[in-house]
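data02.cif (mmCIF, C-alpha atoms)
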data_coords
loop_
_atom_site.label_atom_id
_atom_site.label_comp_id
_atom_site.auth_asym_id
_atom_site.auth_seq_id
_atom_site.Cartn_x
_atom_site.Cartn_y
_atom_site.Cartn_z
CA MET A 1 12.78 3.60 -65.60
CA GLN A 2 11.69 7.16 -65.10
CA HIS A 3 11.95 8.69 -61.64
CA ALA A 4 9.66 11.33 -60.27
CA GLY A 5 10.73 14.84 -61.07
CA GLY A 6 12.80 14.09 -64.25
CA ALA A 7 12.60 12.57 -67.73
CA ALA A 8 14.25 9.35 -68.79
CA GLY A 9 17.98 9.60 -68.71
CA GLU A 10 17.94 12.67 -66.49
CA PRO A 11 19.29 12.51 -62.88
CA ALA A 12 16.58 12.22 -60.23
CA GLU A 13 15.92 15.07 -57.88
CA PRO A 14 17.21 14.42 -54.36
CA GLY A 15 14.52 13.06 -51.97
CA PRO A 16 13.56 14.50 -48.54
CA VAL A 17 16.51 14.80 -46.19
CA THR A 18 14.66 14.17 -42.91
CA ALA A 19 11.71 12.02 -42.04
CA SER A 20 9.62 15.10 -41.26
CA GLU A 21 10.06 16.29 -44.84
CA THR A 22 8.54 13.16 -46.39
CA SER A 23 5.03 13.16 -47.88
CA PRO A 24 2.90 10.91 -50.10
CA GLU A 25 4.37 12.67 -53.09
CA ARG A 26 7.94 12.60 -51.79
CA PRO A 27 8.47 9.37 -49.83
CA TRP A 28 11.69 7.76 -48.72
CA PRO A 29 12.71 4.52 -50.30
CA LEU A 30 12.48 1.67 -47.78
CA HIS A 31 16.21 0.98 -47.76
CA ARG A 32 16.85 4.56 -46.67
CA LEU A 33 14.63 4.17 -43.59
CA SER A 34 16.27 0.85 -42.78
CA GLU A 35 19.76 2.31 -43.18
CA ASN A 36 18.87 5.27 -40.94
CA LEU A 37 17.39 2.96 -38.31
CA LYS A 38 20.49 0.78 -38.39
CA LEU A 39 22.76 3.80 -37.97
CA HIS A 40 20.65 5.18 -35.11
CA ILE A 41 20.32 1.86 -33.27
CA GLU A 42 23.93 0.85 -33.58
CA ARG A 43 25.03 4.19 -32.06
CA ALA A 44 23.44 3.06 -28.76
CA PRO A 45 26.13 1.97 -26.24
CA ALA A 46 26.31 -1.49 -24.77
CA THR A 47 24.24 -1.77 -21.56
CA TRP A 48 24.28 -4.08 -18.55
CA ILE A 49 20.79 -5.42 -17.74
CA GLU A 50 19.44 -7.86 -15.14
CA GLY A 51 16.57 -10.31 -15.34
CA GLN A 52 15.47 -13.93 -15.35
CA LEU A 53 15.85 -16.23 -18.33
CA ILE A 54 12.49 -17.76 -19.17
CA GLU A 55 13.79 -19.33 -22.39
CA PHE A 56 17.25 -20.75 -23.14
CA LYS A 57 17.85 -22.66 -26.40
CA ASN A 58 21.17 -23.72 -27.91
CA ASN A 59 21.07 -24.05 -31.69
CA ARG A 60 24.36 -25.24 -33.18
CA GLY A 61 26.39 -23.22 -30.71
CA ASN A 62 24.26 -20.08 -30.91
CA VAL A 63 22.06 -19.45 -27.87
CA TYR A 64 18.66 -17.83 -28.19
CA MET A 65 17.11 -16.57 -24.95
CA THR A 66 14.21 -14.56 -23.58
CA MET A 67 14.87 -12.42 -20.48
CA ARG A 68 12.02 -11.24 -18.24
CA ASP A 69 12.16 -8.23 -15.94
CA LEU A 70 12.29 -9.04 -12.23
CA ASP A 71 9.47 -6.66 -11.28
CA GLN A 72 7.35 -5.93 -14.34
CA GLU A 73 5.71 -8.03 -17.05
CA VAL A 74 8.34 -7.03 -19.60
CA SER A 75 10.48 -9.45 -21.64
CA LEU A 76 13.14 -9.14 -24.33
CA PRO A 77 14.66 -11.67 -26.78
CA LEU A 78 18.45 -12.05 -26.64
CA ALA A 79 20.95 -13.82 -28.87
CA ALA A 80 24.45 -14.98 -27.98
CA TRP A 81 26.49 -15.99 -30.99
CA ARG A 82 28.85 -18.88 -30.94
CA ASN A 83 31.96 -17.02 -29.80
CA VAL A 84 30.07 -15.38 -26.85
CA ALA A 85 27.93 -18.41 -25.98
CA ALA A 86 31.05 -20.52 -25.48
CA GLY A 87 32.12 -18.27 -22.63
CA ILE A 88 28.77 -18.29 -20.73
CA ASP A 89 28.89 -20.04 -17.36
CA PRO A 90 27.61 -23.63 -17.75
CA THR A 91 25.27 -23.16 -14.76
CA VAL A 92 23.23 -20.60 -16.71
CA GLN A 93 19.99 -22.19 -17.87
CA GLN A 94 16.30 -21.54 -18.11
CA GLY A 95 15.11 -19.91 -14.86
CA SER A 96 18.52 -18.46 -14.00
CA ARG A 97 18.87 -14.92 -12.78
CA VAL A 98 21.60 -13.22 -14.79
CA VAL A 99 23.22 -9.93 -15.69
CA ALA A 100 24.18 -9.40 -19.32
CA ARG A 101 25.90 -6.72 -21.37
CA VAL A 102 23.88 -6.30 -24.52
CA LYS A 103 24.01 -4.13 -27.60
CA PRO A 104 21.11 -3.63 -30.03
CA ASN A 105 21.59 -4.71 -33.67
CA PHE A 106 19.33 -4.08 -36.63
CA TRP A 107 19.34 -6.65 -39.41
CA LEU A 108 19.03 -4.53 -42.52
CA LYS A 109 17.68 -7.09 -45.00
CA ALA A 110 14.90 -8.47 -42.79
CA GLY A 111 14.25 -5.30 -40.80
CA ARG A 112 14.58 -7.12 -37.49
CA LEU A 113 15.91 -5.79 -34.19
CA SER A 114 17.92 -8.12 -32.04
CA MET A 115 19.80 -7.76 -28.77
CA ASN A 116 23.21 -9.31 -29.06
CA VAL A 117 24.78 -10.57 -25.84
CA LEU A 118 28.40 -9.48 -25.39
CA GLU A 119 28.80 -10.89 -21.85
CA MET A 120 26.60 -12.82 -19.45
CA LYS A 121 27.10 -13.77 -15.81
CA PRO A 122 24.86 -15.61 -13.40
CA VAL A 123 23.77 -13.71 -10.32
CA GLY A 124 24.82 -15.97 -7.47
CA LEU A 125 23.03 -16.35 -4.20
CA GLY A 126 25.92 -14.64 -2.45
CA ASP A 127 25.53 -11.60 -4.69
CA LEU A 128 21.81 -11.49 -4.02
CA LEU A 129 22.27 -11.79 -0.27
CA ALA A 130 24.88 -9.04 -0.38
CA ARG A 131 22.30 -6.80 -2.04
CA VAL A 132 19.78 -7.76 0.65
CA GLU A 133 22.21 -6.75 3.41
CA LEU A 134 22.98 -3.50 1.60
CA LEU A 135 19.25 -2.72 1.45
CA ARG A 136 18.88 -3.66 5.13
CA ARG A 137 21.62 -1.19 6.12
CA SER A 138 20.15 1.52 3.90
CA LEU A 139 16.70 1.17 5.47
CA ALA A 140 18.25 1.17 8.95
CA GLU A 141 20.02 4.44 8.17
CA GLU A 142 16.65 5.91 7.12
CA GLY A 143 15.17 4.80 10.45
CA LEU A 144 12.61 2.46 8.88
CA THR A 145 13.77 -0.46 11.04
CA SER A 146 13.85 1.51 14.30
CA PRO A 147 11.99 -0.12 17.22
CA ALA A 148 10.41 3.28 17.93
CA ARG A 149 8.38 2.91 14.72
CA LYS A 150 6.91 -0.44 15.75
CA ARG A 151 3.21 -0.19 16.55
CA PRO A 152 1.58 -2.49 19.12
CA LEU A 153 -0.88 -5.06 17.85
CA PRO A 154 -4.53 -4.80 18.94
CA VAL A 155 -5.32 -7.03 21.91
CA LEU A 156 -8.23 -8.65 20.08
CA PRO A 157 -8.47 -7.61 16.41
CA GLY A 158 -11.93 -7.52 14.87
CA VAL A 159 -10.76 -8.58 11.40
CA ILE A 160 -7.34 -10.10 10.60
CA GLY A 161 -5.89 -9.61 7.13
CA LEU A 162 -3.88 -12.59 5.85
CA ILE A 163 -1.63 -12.49 2.78
CA THR A 164 -0.31 -15.93 1.87
CA GLY A 165 0.18 -18.47 -0.90
CA ARG A 166 -2.72 -20.11 -2.68
CA ASP A 167 -3.99 -23.05 -0.62
CA SER A 168 -0.62 -23.05 1.21
CA ASP A 169 0.33 -24.84 4.40
CA ALA A 170 1.19 -21.46 5.88
CA MET A 171 -2.40 -20.26 5.37
CA LYS A 172 -3.78 -23.46 6.91
CA ASP A 173 -1.41 -23.15 9.89
CA VAL A 174 -2.40 -19.55 10.59
CA LEU A 175 -6.14 -20.19 10.23
CA ARG A 176 -6.14 -23.44 12.22
CA ASN A 177 -3.97 -22.24 15.11
CA THR A 178 -5.71 -18.88 15.34
CA HIS A 179 -9.15 -20.51 15.52
CA LEU A 180 -7.86 -23.00 18.08
CA ARG A 181 -6.83 -20.07 20.27
CA TRP A 182 -9.78 -17.79 19.49
CA PRO A 183 -12.66 -19.52 17.66
CA ALA A 184 -14.43 -16.22 16.88
CA ALA A 185 -11.49 -14.80 14.91
CA VAL A 186 -12.47 -13.32 11.52
CA PHE A 187 -10.06 -13.34 8.54
CA GLU A 188 -9.85 -11.44 5.30
CA VAL A 189 -7.56 -13.64 3.16
CA ARG A 190 -5.64 -12.65 0.03
CA GLU A 191 -4.00 -15.56 -1.81
CA VAL A 192 -1.04 -14.43 -3.91
CA ALA A 193 2.22 -15.72 -5.35
CA VAL A 194 4.80 -16.02 -2.58
CA GLN A 195 7.78 -16.97 -4.73
CA GLY A 196 9.11 -15.94 -8.08
CA THR A 197 9.63 -12.57 -9.65
CA ASP A 198 5.97 -11.58 -9.49
CA ALA A 199 5.59 -12.33 -5.76
CA PRO A 200 6.64 -8.89 -4.41
CA ARG A 201 4.22 -7.06 -6.69
CA GLN A 202 1.28 -9.32 -5.80
CA VAL A 203 2.02 -9.15 -2.07
CA ALA A 204 2.29 -5.34 -2.21
CA ALA A 205 -1.03 -5.10 -4.09
CA ALA A 206 -2.77 -7.32 -1.52
CA LEU A 207 -1.23 -5.25 1.29
CA ALA A 208 -2.56 -2.02 -0.22
CA GLU A 209 -6.04 -3.54 -0.55
CA LEU A 210 -6.17 -4.77 3.05
CA ASP A 211 -4.60 -1.58 4.42
CA ALA A 212 -7.40 0.42 2.78
CA ASP A 213 -10.07 -1.70 4.53
CA PRO A 214 -11.00 0.10 7.80
CA THR A 215 -12.28 -3.13 9.39
CA VAL A 216 -8.86 -4.84 9.12
CA GLU A 217 -6.92 -4.14 12.32
CA VAL A 218 -3.79 -6.24 11.70
CA ILE A 219 -2.22 -7.79 8.57
CA VAL A 220 -0.20 -11.03 8.56
CA ILE A 221 2.13 -11.83 5.65
CA ALA A 222 2.84 -15.56 5.88
CA ARG A 223 4.92 -18.02 3.90
CA GLY A 224 6.22 -21.45 4.79
CA GLY A 225 9.81 -22.59 4.62
CA GLY A 226 11.76 -23.25 1.45
CA ALA A 227 15.00 -22.55 -0.31
CA LEU A 228 16.81 -19.43 0.83
CA GLU A 229 16.35 -17.65 -2.49
CA GLU A 230 12.62 -18.50 -2.47
CA VAL A 231 12.04 -17.24 1.07
CA VAL A 232 14.43 -14.36 1.58
CA LEU A 233 14.68 -12.71 -1.83
CA PRO A 234 11.00 -12.06 -2.70
CA PHE A 235 10.37 -10.63 0.76
CA SER A 236 13.48 -8.43 0.62
CA ASP A 237 12.22 -6.53 -2.41
CA GLU A 238 12.70 -2.83 -1.77
CA ALA A 239 9.33 -1.74 -3.16
CA LEU A 240 7.54 -4.32 -0.99
CA VAL A 241 9.35 -3.50 2.26
CA ARG A 242 8.80 0.22 1.74
CA ALA A 243 5.10 -0.45 1.20
CA VAL A 244 5.02 -2.37 4.50
CA ALA A 245 6.83 0.48 6.28
CA ALA A 246 4.29 2.98 4.91
CA ALA A 247 1.21 0.91 5.79
CA GLY A 248 -1.21 2.40 8.30
CA THR A 249 -2.22 -1.01 9.68
CA PRO A 250 0.16 -2.99 11.92
CA VAL A 251 1.92 -5.72 9.90
CA VAL A 252 3.15 -9.10 11.17
CA SER A 253 5.91 -10.84 9.18
CA ALA A 254 5.72 -14.64 9.35
CA ILE A 255 8.13 -15.74 6.64
CA GLY A 256 9.80 -19.15 6.60
CA HIS A 257 11.51 -20.47 9.70
CA GLU A 258 13.41 -18.91 12.60
CA ALA A 259 16.69 -18.80 10.65
CA ASP A 260 15.19 -16.98 7.65
CA ARG A 261 15.62 -13.22 7.90
CA PRO A 262 14.13 -11.31 4.95
CA VAL A 263 14.23 -7.52 5.13
CA LEU A 264 10.45 -7.62 5.61
CA ASP A 265 11.10 -8.88 9.17
CA ASP A 266 13.00 -5.69 9.98
CA VAL A 267 10.36 -3.18 8.83
CA ALA A 268 7.28 -5.10 10.02
CA ASP A 269 5.72 -4.10 13.33
CA LEU A 270 6.14 -7.66 14.64
CA ARG A 271 8.32 -10.53 13.44
CA ALA A 272 6.93 -14.03 14.03
CA SER A 273 9.39 -16.89 13.72
CA THR A 274 6.87 -19.07 11.83
CA PRO A 275 3.26 -18.82 10.59
CA THR A 276 2.24 -20.88 13.63
CA ASP A 277 4.01 -18.40 15.90
CA ALA A 278 2.11 -15.57 14.16
CA ALA A 279 -1.19 -17.22 15.09
CA LYS A 280 -0.09 -17.24 18.73
CA ARG A 281 0.88 -13.57 18.63
CA ILE A 282 -2.17 -11.99 16.96
CA VAL A 283 -4.95 -13.32 19.23
CA PRO A 284 -5.11 -14.33 22.89
CA ASP A 285 -5.73 -17.93 23.93
CA ALA A 286 -9.43 -18.22 24.78
CA ALA A 287 -8.82 -21.16 27.13
CA GLN A 288 -6.12 -19.28 29.02
CA GLU A 289 -8.26 -16.15 29.11
CA ALA A 290 -11.21 -18.17 30.48
CA LEU A 291 -8.91 -19.77 33.06
CA GLY A 292 -7.56 -16.35 33.96
CA LEU A 293 -11.11 -15.02 34.36
CA ALA A 294 -12.00 -18.01 36.55
CA HIS A 295 -8.95 -17.38 38.73
CA ALA A 296 -9.79 -13.69 38.86
CA ARG A 297 -13.36 -14.48 39.93
CA GLU A 298 -12.04 -16.82 42.61
CA ARG A 299 -9.64 -14.17 43.86
CA MET A 300 -12.41 -11.56 43.86
CA ALA A 301 -14.80 -13.90 45.69
CA ALA A 302 -12.11 -14.71 48.27
CA ALA A 303 -11.31 -11.02 48.68
CA VAL A 304 -15.00 -10.14 49.13
CA GLU A 305 -15.43 -13.01 51.61
CA ARG A 306 -12.39 -11.83 53.58
CA ARG A 307 -13.72 -8.30 53.59
CA VAL A 308 -17.19 -9.38 54.72
CA ARG A 309 -15.72 -11.64 57.40
CA GLY A 310 -13.46 -8.86 58.63
CA GLU A 311 -16.32 -6.39 58.72
CA ALA A 312 -18.50 -8.94 60.54
CA GLU A 313 -15.77 -9.51 63.12
CA ALA A 314 -15.34 -5.76 63.56
CA LEU A 315 -19.10 -5.38 63.97
CA ALA A 316 -19.20 -8.21 66.53
CA ALA A 317 -16.36 -6.57 68.42
CA LEU A 318 -18.27 -3.30 68.46
CA ARG A 319 -21.45 -5.02 69.62
CA SER A 320 -19.57 -6.84 72.40
CA ARG A 321 -18.35 -3.60 73.93
CA PRO A 322 -20.19 -2.67 77.18
CA VAL A 323 -21.45 0.56 75.79
CA LEU A 324 -23.36 -1.32 73.07
CA ALA A 325 -24.06 -4.55 74.98
CA HIS A 326 -25.57 -2.59 77.95
CA PRO A 327 -26.13 0.95 76.72
CA HIS A 328 -28.04 1.96 79.97
CA VAL A 329 -24.76 1.52 81.87
CA MET A 330 -23.44 4.60 80.17
CA VAL A 331 -26.59 6.54 81.08
CA ASP A 332 -26.45 5.29 84.68
CA ALA A 333 -22.81 6.24 84.98
CA ARG A 334 -23.53 9.68 83.62
CA ALA A 335 -26.52 10.01 85.97
CA GLU A 336 -24.31 9.14 88.93
CA ASP A 337 -21.75 11.66 87.76
CA LEU A 338 -24.51 14.26 87.40
CA GLY A 339 -25.77 13.49 90.91
CA ARG A 340 -22.26 13.85 92.35
CA TRP A 341 -21.74 17.09 90.48
CA ARG A 342 -25.11 18.42 91.62
CA GLU A 343 -24.36 17.51 95.27
CA ARG A 344 -20.95 19.09 95.00
CA ALA A 345 -22.55 22.21 93.55
CA ARG A 346 -25.19 22.26 96.33
CA VAL A 347 -22.60 21.85 99.11
CA SER A 348 -20.30 24.36 97.51
CA LEU A 349 -23.15 26.84 97.12
CA GLY A 350 -24.22 26.25 100.79
CA HIS A 351 -20.69 26.92 101.96
CA ARG A 352 -20.50 30.01 99.88
CA LEU A 353 -23.83 31.28 101.14
CA ALA A 354 -22.79 30.62 104.74
CA ARG A 355 -19.54 32.52 104.24
CA GLU A 356 -21.34 35.40 102.60
CA SER A 357 -23.99 35.40 105.35
CA ASP A 358 -21.27 35.63 108.01
CA ALA A 359 -19.66 38.43 106.08
CA VAL A 360 -22.97 40.28 105.88
CA ALA A 361 -23.55 39.79 109.65
CA ALA A 362 -20.07 41.14 110.35
CA LEU A 363 -20.68 44.12 108.15
CA ARG A 364 -24.06 44.66 109.78
CA ALA A 365 -22.43 44.58 113.25
CA ARG A 366 -19.80 47.06 112.11
CA VAL A 367 -22.47 49.31 110.66
CA ARG A 368 -24.55 49.07 113.84
CA ALA A 369 -21.52 49.79 115.99
CA LEU A 370 -21.00 52.99 114.07
CA SER A 371 -24.67 54.07 113.99
CA PRO A 372 -26.01 56.96 116.30
CA GLN A 373 -28.51 54.54 117.79
CA GLN A 374 -25.72 52.57 119.45
CA THR A 375 -24.43 55.77 120.97
CA LEU A 376 -27.90 56.56 122.23
CA ASP A 377 -28.25 53.06 123.64
CA ARG A 378 -25.18 53.68 125.76
CA GLY A 379 -26.95 56.58 127.49
CA TYR A 380 -26.12 59.46 125.29
CA ALA A 381 -28.74 61.90 123.96
CA VAL A 382 -28.97 64.32 121.05
CA VAL A 383 -30.09 67.84 122.07
CA GLN A 384 -31.60 70.07 119.40
CA HIS A 385 -32.66 73.66 119.51
CA ALA A 386 -34.57 75.24 116.73
CA GLY A 387 -33.75 72.24 114.52
CA ARG A 388 -30.04 72.42 115.13
CA VAL A 389 -27.91 70.07 117.24
CA VAL A 390 -26.62 71.79 120.37
CA ARG A 391 -22.95 71.08 120.90
CA ARG A 392 -22.02 73.84 123.35
CA ALA A 393 -23.88 75.25 126.32
CA ASP A 394 -23.37 78.80 125.18
CA GLU A 395 -25.37 78.00 122.03
CA VAL A 396 -28.61 78.36 124.10
CA SER A 397 -29.79 80.66 126.86
CA PRO A 398 -32.08 80.20 129.79
CA GLY A 399 -35.61 79.82 128.68
CA SER A 400 -34.67 78.18 125.34
CA HIS A 401 -36.88 75.26 124.37
CA LEU A 402 -34.90 72.05 123.69
CA ASP A 403 -35.82 68.85 121.85
CA ILE A 404 -33.91 65.88 123.34
CA LEU A 405 -33.53 62.56 121.44
CA VAL A 406 -32.75 59.59 123.64
CA ALA A 407 -32.33 55.86 122.86
CA ALA A 408 -36.02 55.27 123.05
CA GLY A 409 -38.19 58.32 122.48
CA ARG A 410 -37.92 62.10 122.64
CA LEU A 411 -38.01 64.64 125.44
CA GLU A 412 -38.81 68.34 125.54
CA ALA A 413 -37.25 70.67 128.07
CA ASP A 414 -36.69 74.32 128.80
CA VAL A 415 -33.24 75.69 129.71
CA THR A 416 -33.11 77.21 133.20
CA ASP A 417 -29.42 77.90 133.37
CA THR A 418 -26.20 77.35 131.34
CA HIS A 419 -22.67 76.82 132.43
CA THR A 420 -19.81 77.30 129.96
CA PRO A 421 -16.53 75.60 131.06
CA THR A 422 -13.45 77.72 130.90
CA ASP A 423 -11.00 74.79 130.71
CA PRO A 424 -11.16 72.78 127.54
CA GLU A 425 -10.36 69.64 129.57
CA ASP A 426 -13.71 70.11 131.41
CA ALA A 427 -15.61 70.32 128.25
#

Take the structure from the file and write it as structure tokens.
Amino acid sequence: MQHAGGAAGEPAEPGPVTASETSPERPWPLHRLSENLKLHIERAPATWIEGQLIEFKNNRGNVYMTMRDLDQEVSLPLAAWRNVAAGIDPTVQQGSRVVARVKPNFWLKAGRLSMNVLEMKPVGLGDLLARVELLRRSLAEEGLTSPARKRPLPVLPGVIGLITGRDSDAMKDVLRNTHLRWPAAVFEVREVAVQGTDAPRQVAAALAELDADPTVEVIVIARGGGALEEVVLPFSDEALVRAVAAAGTPVVSAIGHEADRPVLDDVADLRASTPTDAAKRIVPDAAQEALGLAHARERMAAAVERRVRGEAEALAALRSRPVLAHPHVMVDARAEDLGRWRERARVSLGHRLARESDAVAALRARVRALSPQQTLDRGYAVVQHAGRVVRRADEVSPGSHLDILVAAGRLEADVTDTHTPTDPEDA
């Protein structure tokens, strides 16, 4: 057989060294690709992985399995040969949650990739719960479970979002008890898987959808009771609880029974012990509210009646007072007072006038006693000569004409003689 690049009997030219150097004219032989793949794959180290076994078949001591991822729709075939399969825990079966140390292997002749199991251990419920508690502590350290983050629920939500299992008793309980309490309640329901590996993803997707609806004012995540791993584990998924913590709408956790404590309870704004309890917490009781309104109306009516009665009594008391019963009495009393005051003023003024009149008479008498007329009335006269009062005899001479003023009338006289006293006592 002649090879490309040389005649018969001559050594063939070496082919491309790397895959990038190949071409249609210079291809690799198939065995070379397979050998390179085998070398590359088998250099990969053994790896611990976790998942759920959805297939588990024992064929003559060899176990062939299919493991599915716990969060995503990803699966991988596994093989445990006789010597390894003999050491696998007998409780491991289809549906078990396990961790396994695997190493890839490439079967050169058939060109098949297989994952060989080197070790496999079941993940016990205790291990899972320990992880749940570790997550709970981690979220608490971040402050995501702090009571300060809890938002109050609306007093009467317009639309209630409900995330629950398909045609589940929990959904029926929430709807029935809510409508019993508040018949006008409106729900936006999302039916999802509430157990199994796909439950957290479906619940988170429904939560995101309801949280984006502006008409939804509160979201209830409800699931009935069940096995611990079915109730606690799906609702302790880290991605789900972080989505609840980040939601803008208040979230109510109503998972299982009172004793069940998934991490969702810690991050939700309100934890209801059961789905029925959630119905009691999200809406008021219409009957109790109506009864409360009736009592309030009765109290208001009684208060108004008391007020009116009190005001009527106060008005009657005012009307019964003399000043309002006989208003003219007040006028009469004031008229009498006015008469007394007027009489007092008149008497007082009369007394004052009398006193002042006496004073004036006294002053008049004093003035009259000091007047020249009084002197004249006593027999004295005023003698004048040439318009001047004569006070001394030597002020005139015989023959001088005198004008004499007496008490009643005037006299005229001529001086015939004068006598001037020499002794002042005679004057």

Leaving out A:Glu230 and any residue of its chain fewer than 4 positions from it, which residues lie within 7 Å of it when counting all atoms listed in the file, given as a PyMOL selection string?
chain A and resi 195+226+234

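Atom CA of A:Asp89 sits 13.4 Å away from atom CA of A:Val117.
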
From the options A:Leu153, A:Val216, A:Ile49, A:Ala316, which residue's atoms come nearest to A:Pro122, counting all atoms listed in the file?
A:Ile49

Which residues are near A:Gly143? Cut-off 12 Å, all atoms listed in the file, ignore same chain within fewer than 4 positions. Put them as an mmCIF file with C-alpha atoms, in the frame of the given file.
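Final output, saved to around-v4.cif:
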data_model
loop_
_atom_site.group_PDB
_atom_site.id
_atom_site.type_symbol
_atom_site.label_atom_id
_atom_site.label_comp_id
_atom_site.auth_asym_id
_atom_site.auth_seq_id
_atom_site.Cartn_x
_atom_site.Cartn_y
_atom_site.Cartn_z
ATOM 1 C CA ARG A 136 18.880 -3.660 5.130
ATOM 2 C CA ARG A 137 21.620 -1.190 6.120
ATOM 3 C CA SER A 138 20.150 1.520 3.900
ATOM 4 C CA LEU A 139 16.700 1.170 5.470
ATOM 5 C CA PRO A 147 11.990 -0.120 17.220
ATOM 6 C CA ALA A 148 10.410 3.280 17.930
ATOM 7 C CA ARG A 149 8.380 2.910 14.720
ATOM 8 C CA LYS A 150 6.910 -0.440 15.750
ATOM 9 C CA ARG A 242 8.800 0.220 1.740
ATOM 10 C CA ALA A 245 6.830 0.480 6.280
ATOM 11 C CA ASP A 266 13.000 -5.690 9.980
ATOM 12 C CA VAL A 267 10.360 -3.180 8.830
#

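Checking A:Arg223, A:Thr420, A:Gly111, A:Asn116 one by one against A:Arg166, counting all atoms listed in the file, you find the shortest gap at A:Arg223.
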
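As for atom CA of A:Pro152 and atom CA of A:Arg271, they are spaced 11.9 Å apart.
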
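Picture a line from atom CA of A:Ile255 to atom CA of A:Ser273; it runs 7.3 Å.
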
Within 8 Å of A:Arg97 using all atoms listed in the file, minus same-chain residues under 3 positions, as a list in words:
Glu50, Gly51, Gln52, Leu53, Pro122 and Val123 of chain A

Just-selected residues, C-alpha atoms written as a CSV table (one decimal), keeping the file's coordinate frame:
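New file again_2.csv:
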chain,number,residue,atom,x,y,z
A,50,GLU,CA,19.4,-7.9,-15.1
A,51,GLY,CA,16.6,-10.3,-15.3
A,52,GLN,CA,15.5,-13.9,-15.4
A,53,LEU,CA,15.8,-16.2,-18.3
A,122,PRO,CA,24.9,-15.6,-13.4
A,123,VAL,CA,23.8,-13.7,-10.3

Do you know which residues lie at most 12 Å from (11.7, -6.2, -41.4), with coordinates as in the file and only C-alpha atoms counted, and could you write them as a VMD selection string?
chain A and resid 30 to 31 33 to 35 37 to 38 106 to 114
